[in-house]
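Colleague: Got a structure for you, questions after.
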Amino acid sequence: MKDYQTTETAGAIPLPEGVRLAMDDIAGTMREGLLAMAVTAGLGVMSALMEESVTAIAGPKGKHQPGRRAVRHGSEAGSVTLGGRRVPARR
């Protein structure tokens with residue numbers, strides 16, 4: 001740790017135990033919410049990137065292209081690790 005992280009602030013008022021516990025709970029809830037938001041955003045980005053990749057290879061969905069070499073074959077259930085846990089995803 002750096003020096004400024006270990007020294008106590010002069011004149012700091014000690015918090016009661018109940019207040020510290022409540023603040024710890026609030027911080028934990030905020031971390032969980034931030035992780036959930038990051039996982040949701042990550043899944044959205046992953047979905048958009050996969051759709052863009054398929055469109056680049058097979059062409060736009062619903063458009064007939066006589067000379068294309070790749071086709072869309074649908075999707076299936078899968079999972080991906082995000083935020084330290086396995087999350088279901090369509091691929």
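Here, A, B, ... name the chains of the structure tokens in the order displayed, residue numbers run from 1 inside each chain, and ligands are numbered from 1 in the same displayed order.
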So which bits of chain A end up alpha helix (DSSP H) when you DSSP the backbone, as number ranges by chain?
Modeller: A: 3-6, 17-58
Colleague: Between A:Leu15, A:Leu82, A:Ala58, A:Ile26, which has the minimum distance to Gly44 of chain A (counting only C-alpha atoms)?
Modeller: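 Under the stated criterion, the closest residue is A:Leu82.
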Colleague: How many Å lie between atom CA of His73 of chain A and atom CA of Arg91 of chain A, rounded to one decimal?
Modeller: 10.5 Å
Colleague: DSSP says strand (DSSP E or B) for which residues of segment 5-80 of chain A? Put them as a list in words?
Modeller: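 Across segment 5-80 of chain A, those assigned strand (DSSP E or B) are Ala77, Gly78, Ser79 and Val80 of chain A.
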Colleague: Using only C-alpha atoms, determine which residues lie at most 12 Å from Gly84 of chain A, disregarding the query and same-chain residues fewer than 3 positions distant; provide the list as a PyMOL selection string.
Modeller: chain A and resi 35-36+38-39+80-81+87
Colleague: Report, in Å to a single decimal, how far apart atom CA of Gly83 of chain A and atom CA of Met30 of chain A are.
Modeller: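 Between these atoms lies a distance of 14.6 Å.
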Colleague: May I ask for the distance between atom CA of Leu34 of chain A and atom CA of Ser53 of chain A, given in Å to one decimal place?
Modeller: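 Taking atom CA of Leu34 of chain A and atom CA of Ser53 of chain A, their separation equals 28.3 Å.
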Colleague: Compare A:Val71, A:Gln65, A:Gly42, A:Ile57 by their minimum atom-to-atom distance to Ala89 of chain A, counting only C-alpha atoms, and give me the closest one.
Modeller: A:Gly42
Colleague: Got a sec: who's within 12 Å of Pro60 of chain A, counting only C-alpha atoms, leaving out chain neighbours fewer than 4 positions off, as a count of residues only?
Modeller: 12
